[in-house]
Amino acid sequence: MTTAKDGHFFFAGGGTGGHVYPAIAIAEAIRKLQPGAKIHFFCSNRSIDAKILNEGGYEFTALPARAFSARPDRFLAFVAMYFRSMRTAKSVLAEHRPAVLLGIGGYVSAPAVTAAGKLGVPVAVLNVDMVPGKANKVMAREAAKVFVQWEETAKYLGEIPGQVIASGCPLRGGFGGVDRERTLKSLGLDTEKKTLLVMGGSSGALTVNRAVCACLPAIDAFAKLWQVVHVTGPGISDVRKAYEAAGIGHKVIEYHHEMPALMSCADLAVGRAGAVSVAEYAAAGLPAIMLPYPYHKDQHQKLNGRQLVRAGGGLIVEDRPDDPEATVRELAEHLKSLMADGARLAGMSAAAKSVDTPDAAATIAQELAKMLG
């Protein structure tokens with residue numbers, strides 16, 4: 001007889017680190033809960049998915065699914081790749097029982113969820129943004145359980161048959177017990193200074209990078225007490241040029257392999273307000289000035305960021321592509337105010353930490369284990 005320890009846990013989705021990293025955290029929790037469990041990912045064919053999953057040693061099947069488009073020349077390709085992805089996922093799922101599948105977001109998740117439904121494999125959905133995307137809204141109608149970061153998200157899902165569980169956002173390990181001195185020394189930084197961490201994101205947030213670079217003259221006055229670590233993402237050469245004239249100590253890098261550790265030893269951050277980023281600010285107790293991505297129709301990054309603002313752990317600056325000078329002025333004022341006020345930063349750090357949900361991954365792992373058919 002097959003036991004729960006022999007069960008198969010499937011994850012479906014990807015295309016960005018914001019989709020894959022929370023799933024990795026859950027997979028790690030499953031391995032602790034059930035060491036004999038089998039884990040498999042249905043992911044996109046984007047290189048970032050393969051990179052992350054290979055680093056973790058996870059088995060995966062890349063699906064050819066494409067994002068939905070109403071354009072006639074793209075719609076037919078979308079439909080063809082949807083059904084091709086569904087057939088591929090179905091063939092893999094059919095060989096592994098008992099099983100449960102968690103949709104983790106992105107256009108790759110939907111065909112795998114459909115395949116699971118046709119085979120009677122229990123389905124759950126993870127939605128960490130305040131406002132669910134189109135794929136997650138569709139999948140939620142087929143799910144027995146929907147895991148969300150914030151309770152307010154339930155109102156955006158509407159009437160669904162499954163149970164909505166406010167689990168928080170599952171995160172990678174590395175936010176606790178950080179050796180601050182070792183981390184800063186590894187980057188050639190001063191262990192006695194406070195650190196401003198700027199995050200351009202894995203895709204390179206051009207407007208965030210440019211705005212912070214434009215603020216450098218304004219924060220040079222804090223050079224005796226502060227330093228900057230600027231993680232640029234793609235586009236590092238332009239950022240490095242901007243720092244050549246900076247008076248404040250700095251380290252400009254394209255990527256850092258231990259971001260949880262780096263965030264945990266920083267004193268203030270500037271970055272986007274993606275759902276995972278907001279959860280990471282909280283986990284690290286890191287006060288954040290957030291510039292939500294401005295092009296989303298539903299403005300879900302702004303809604304994500306407001307959760308940290310309400311708690312007292314963050315501030316929002318509008319990213320204005322049509323008026324970047326206004327963005328720079330507002331960002332510079334906030335930076336100068338916070339970098340000069342240690343007591344305020346300490347209060348914001350405690351406020352951010354108060355909304356952390358460290359047990360999110362374990363909670364979801366336990367709920368998935370209960371669902372094994």
# chains A, B, ... in the order shown; residues from 1 in each chain; ligands from 1

call {"tool": "residues_around", "arguments": {"residues": "A:Val178", "least_positions_apart": "6", "cutoff": "10 Å", "atoms": "only C-alpha atoms", "output": "count of residues only"}}
result
6

call {"tool": "atom_distance", "arguments": {"atom1": "atom CA of A:Gly106", "atom2": "atom CA of A:Phe60"}}
result
15.8 Å

call {"tool": "closest_residue", "arguments": {"among": "A:His334, A:Lys370, A:Arg74, A:Lys185", "to": "A:Leu268", "atoms": "only C-alpha atoms"}}
result
A:His334

call {"tool": "residues_around", "arguments": {"residues": "stretch 294-301 of chain A", "least_positions_apart": "5", "cutoff": "6 Å", "atoms": "only C-alpha atoms", "output": "VMD selection string"}}
result
chain A and resid 131 273 to 274

call {"tool": "write_last_selection", "arguments": {"atoms": "N, CA, C and O atoms", "output": "PDB file, in the first residue's frame"}}
result
ATOM      1  N   VAL A 131      -3.854  41.209  -5.387  1.00  0.00           N
ATOM      2  CA  VAL A 131      -4.876  41.001  -6.414  1.00  0.00           C
ATOM      3  C   VAL A 131      -4.480  39.800  -7.271  1.00  0.00           C
ATOM      4  O   VAL A 131      -3.413  39.820  -7.887  1.00  0.00           O
ATOM      5  N   ALA A 273       7.697  46.525  -5.238  1.00  0.00           N
ATOM      6  CA  ALA A 273       6.748  46.048  -4.225  1.00  0.00           C
ATOM      7  C   ALA A 273       6.066  44.775  -4.696  1.00  0.00           C
ATOM      8  O   ALA A 273       4.871  44.594  -4.496  1.00  0.00           O
ATOM      9  N   GLY A 274       6.843  43.905  -5.332  1.00  0.00           N
ATOM     10  CA  GLY A 274       6.310  42.590  -5.661  1.00  0.00           C
ATOM     11  C   GLY A 274       5.916  41.864  -4.385  1.00  0.00           C
ATOM     12  O   GLY A 274       6.429  42.164  -3.299  1.00  0.00           O
TER      13      GLY A 274
END

call {"tool": "residues_around", "arguments": {"residues": "A:Lys155", "least_positions_apart": "4", "cutoff": "12 Å", "atoms": "only C-alpha atoms", "output": "list in words"}}
result
Met130, Val131, Pro132, Lys137, Val148, Trp150, Glu151, Glu159, Ile160 and Val164 of chain A

call {"tool": "write_last_selection", "arguments": {"atoms": "N, CA and C atoms", "output": "PDB file, in the first residue's frame"}}
result
ATOM      1  N   MET A 130      -1.667  40.706  -3.697  1.00  0.00           N
ATOM      2  CA  MET A 130      -2.941  41.132  -3.138  1.00  0.00           C
ATOM      3  C   MET A 130      -4.084  40.870  -4.126  1.00  0.00           C
ATOM      4  N   VAL A 131      -3.854  41.209  -5.387  1.00  0.00           N
ATOM      5  CA  VAL A 131      -4.876  41.001  -6.414  1.00  0.00           C
ATOM      6  C   VAL A 131      -4.480  39.800  -7.271  1.00  0.00           C
ATOM      7  N   PRO A 132      -5.299  38.756  -7.346  1.00  0.00           N
ATOM      8  CA  PRO A 132      -4.956  37.584  -8.138  1.00  0.00           C
ATOM      9  C   PRO A 132      -4.876  37.923  -9.626  1.00  0.00           C
ATOM     10  N   LYS A 137      -7.166  33.416 -10.921  1.00  0.00           N
ATOM     11  CA  LYS A 137      -8.618  33.513 -10.764  1.00  0.00           C
ATOM     12  C   LYS A 137      -9.313  32.329 -11.413  1.00  0.00           C
ATOM     13  N   VAL A 148      -3.291  32.296   0.276  1.00  0.00           N
ATOM     14  CA  VAL A 148      -3.052  33.706  -0.024  1.00  0.00           C
ATOM     15  C   VAL A 148      -2.151  34.307   1.050  1.00  0.00           C
ATOM     16  N   TRP A 150      -2.453  37.556   2.151  1.00  0.00           N
ATOM     17  CA  TRP A 150      -3.241  38.442   3.004  1.00  0.00           C
ATOM     18  C   TRP A 150      -4.724  38.086   2.941  1.00  0.00           C
ATOM     19  N   GLU A 151      -5.393  38.187   4.066  1.00  0.00           N
ATOM     20  CA  GLU A 151      -6.812  37.842   4.132  1.00  0.00           C
ATOM     21  C   GLU A 151      -7.657  38.664   3.159  1.00  0.00           C
ATOM     22  N   GLU A 159     -16.694  34.346  -5.507  1.00  0.00           N
ATOM     23  CA  GLU A 159     -17.220  33.079  -5.002  1.00  0.00           C
ATOM     24  C   GLU A 159     -16.471  31.910  -5.627  1.00  0.00           C
ATOM     25  N   ILE A 160     -15.780  31.156  -4.806  1.00  0.00           N
ATOM     26  CA  ILE A 160     -15.085  29.962  -5.288  1.00  0.00           C
ATOM     27  C   ILE A 160     -15.446  28.793  -4.382  1.00  0.00           C
ATOM     28  N   VAL A 164     -10.226  29.252   1.301  1.00  0.00           N
ATOM     29  CA  VAL A 164      -9.169  30.257   1.212  1.00  0.00           C
ATOM     30  C   VAL A 164      -8.422  30.288   2.550  1.00  0.00           C
TER      31      VAL A 164
END

call {"tool": "closest_residue", "arguments": {"among": "A:Arg31, A:His250, A:Val276, A:Ala135", "to": "A:Leu189", "atoms": "only C-alpha atoms"}}
result
A:His250

call {"tool": "select_by_dssp", "arguments": {"residues": "stretch 187-325 of chain A", "states": "strand (DSSP E)", "output": "list of chain:residue names"}}
result
A:Lys194, A:Thr195, A:Leu196, A:Leu197, A:Val198, A:Met199, A:Trp226, A:Gln227, A:Val228, A:Val229, A:His230, A:Val231, A:Gly249, A:His250, A:Lys251, A:Val252, A:Ile253, A:Leu268, A:Ala269, A:Val270, A:Gly271, A:Ala288, A:Ile289, A:Met290, A:Gly314, A:Leu315, A:Ile316

call {"tool": "write_last_selection", "arguments": {"atoms": "N, CA, C and O atoms", "output": "tab-separated table (two decimals), in the first residue's frame"}}
result
chain	number	residue	atom	x	y	z
A	194	LYS	N	26.09	51.99	8.42
A	194	LYS	CA	24.76	51.52	8.03
A	194	LYS	C	24.74	51.30	6.52
A	194	LYS	O	25.50	51.93	5.78
A	195	THR	N	23.85	50.41	6.09
A	195	THR	CA	23.85	50.01	4.68
A	195	THR	C	22.50	50.26	4.03
A	195	THR	O	21.46	49.79	4.53
A	196	LEU	N	22.53	50.99	2.93
A	196	LEU	CA	21.35	51.17	2.08
A	196	LEU	C	21.43	50.12	0.98
A	196	LEU	O	22.41	50.07	0.23
A	197	LEU	N	20.41	49.29	0.88
A	197	LEU	CA	20.36	48.24	-0.13
A	197	LEU	C	19.39	48.64	-1.23
A	197	LEU	O	18.21	48.87	-0.96
A	198	VAL	N	19.87	48.72	-2.45
A	198	VAL	CA	19.03	49.05	-3.60
A	198	VAL	C	18.89	47.79	-4.44
A	198	VAL	O	19.89	47.15	-4.78
A	199	MET	N	17.64	47.45	-4.78
A	199	MET	CA	17.39	46.22	-5.53
A	199	MET	C	16.71	46.53	-6.85
A	199	MET	O	15.54	46.90	-6.90
A	226	TRP	N	26.99	56.03	6.27
A	226	TRP	CA	26.25	55.11	5.40
A	226	TRP	C	27.09	54.66	4.21
A	226	TRP	O	28.05	55.32	3.81
A	227	GLN	N	26.66	53.52	3.65
A	227	GLN	CA	27.21	53.00	2.41
A	227	GLN	C	26.07	52.38	1.61
A	227	GLN	O	24.99	52.14	2.16
A	228	VAL	N	26.31	52.10	0.34
A	228	VAL	CA	25.26	51.60	-0.54
A	228	VAL	C	25.68	50.28	-1.19
A	228	VAL	O	26.80	50.16	-1.69
A	229	VAL	N	24.78	49.31	-1.16
A	229	VAL	CA	24.93	48.11	-1.99
A	229	VAL	C	23.83	48.19	-3.04
A	229	VAL	O	22.64	48.20	-2.70
A	230	HIS	N	24.20	48.27	-4.28
A	230	HIS	CA	23.22	48.40	-5.37
A	230	HIS	C	23.26	47.14	-6.22
A	230	HIS	O	24.22	46.88	-6.94
A	231	VAL	N	22.20	46.33	-6.09
A	231	VAL	CA	22.06	45.11	-6.89
A	231	VAL	C	21.23	45.48	-8.11
A	231	VAL	O	20.02	45.72	-7.99
A	249	GLY	N	30.42	55.56	0.06
A	249	GLY	CA	30.96	54.24	-0.20
A	249	GLY	C	29.90	53.35	-0.82
A	249	GLY	O	28.72	53.43	-0.47
A	250	HIS	N	30.33	52.47	-1.73
A	250	HIS	CA	29.34	51.67	-2.45
A	250	HIS	C	29.92	50.38	-3.01
A	250	HIS	O	31.14	50.24	-3.16
A	251	LYS	N	29.02	49.47	-3.32
A	251	LYS	CA	29.34	48.24	-4.03
A	251	LYS	C	28.21	48.01	-5.03
A	251	LYS	O	27.04	47.90	-4.64
A	252	VAL	N	28.54	47.97	-6.30
A	252	VAL	CA	27.55	47.78	-7.35
A	252	VAL	C	27.73	46.38	-7.93
A	252	VAL	O	28.81	46.04	-8.42
A	253	ILE	N	26.68	45.57	-7.84
A	253	ILE	CA	26.76	44.19	-8.34
A	253	ILE	C	25.49	43.88	-9.14
A	253	ILE	O	24.45	44.48	-8.93
A	268	LEU	N	18.19	49.82	5.39
A	268	LEU	CA	17.14	50.47	4.62
A	268	LEU	C	17.22	49.96	3.20
A	268	LEU	O	18.31	49.72	2.69
A	269	ALA	N	16.05	49.76	2.58
A	269	ALA	CA	16.02	49.25	1.21
A	269	ALA	C	15.25	50.17	0.30
A	269	ALA	O	14.33	50.87	0.72
A	270	VAL	N	15.62	50.13	-0.98
A	270	VAL	CA	14.84	50.74	-2.04
A	270	VAL	C	14.61	49.66	-3.09
A	270	VAL	O	15.57	49.01	-3.53
A	271	GLY	N	13.35	49.43	-3.47
A	271	GLY	CA	13.07	48.40	-4.45
A	271	GLY	C	11.61	48.42	-4.88
A	271	GLY	O	10.86	49.34	-4.55
A	288	ALA	N	11.57	49.74	4.09
A	288	ALA	CA	11.69	49.80	2.64
A	288	ALA	C	10.98	51.01	2.05
A	288	ALA	O	9.86	51.34	2.45
A	289	ILE	N	11.64	51.64	1.09
A	289	ILE	CA	11.00	52.63	0.24
A	289	ILE	C	10.68	51.91	-1.06
A	289	ILE	O	11.59	51.48	-1.77
A	290	MET	N	9.41	51.75	-1.34
A	290	MET	CA	8.98	50.93	-2.47
A	290	MET	C	8.50	51.79	-3.63
A	290	MET	O	7.73	52.73	-3.44
A	314	GLY	N	7.14	50.64	5.94
A	314	GLY	CA	7.58	51.04	4.62
A	314	GLY	C	6.93	52.32	4.14
A	314	GLY	O	5.99	52.83	4.76
A	315	LEU	N	7.45	52.82	3.04
A	315	LEU	CA	6.92	54.01	2.38
A	315	LEU	C	6.79	53.71	0.89
A	315	LEU	O	7.52	52.88	0.35
A	316	ILE	N	5.86	54.38	0.23
A	316	ILE	CA	5.68	54.22	-1.21
A	316	ILE	C	6.02	55.52	-1.92
A	316	ILE	O	5.58	56.60	-1.50

call {"tool": "select_by_dssp", "arguments": {"residues": "stretch 76-153 of chain A", "states": "helix (DSSP H, G or I)", "output": "ChimeraX atom specification"}}
result
/A:76-93,109-119,134-140,151-153

call {"tool": "closest_atom_pairs", "arguments": {"of": "stretch 121-179 of chain A", "to": "stretch 77-99 of chain A", "cutoff": "12 Å", "atoms": "only C-alpha atoms", "output": "CSV"}}
result
residue,atom,partner,partner_atom,distance
A:Val121,CA,A:Ala99,CA,6.2
A:Pro122,CA,A:Ala99,CA,7.3
A:Val123,CA,A:Ala99,CA,9.3
A:Ala124,CA,A:Ala99,CA,11.6

call {"tool": "write_last_selection", "arguments": {"atoms": "N, CA and C atoms", "output": "JSON list (two decimals), in the first residue's frame"}}
result
[["chain", "number", "residue", "atom", "x", "y", "z"],
["A", 121, "VAL", "N", -6.73, 14.49, -9.88],
["A", 121, "VAL", "CA", -5.66, 14.83, -8.94],
["A", 121, "VAL", "C", -6.06, 16.10, -8.18],
["A", 122, "PRO", "N", -6.02, 16.08, -6.85],
["A", 122, "PRO", "CA", -6.40, 17.27, -6.07],
["A", 122, "PRO", "C", -5.55, 18.47, -6.43],
["A", 123, "VAL", "N", -6.19, 19.63, -6.49],
["A", 123, "VAL", "CA", -5.51, 20.86, -6.91],
["A", 123, "VAL", "C", -5.63, 21.93, -5.82],
["A", 124, "ALA", "N", -4.54, 22.65, -5.61],
["A", 124, "ALA", "CA", -4.52, 23.83, -4.75],
["A", 124, "ALA", "C", -3.84, 24.95, -5.54]]
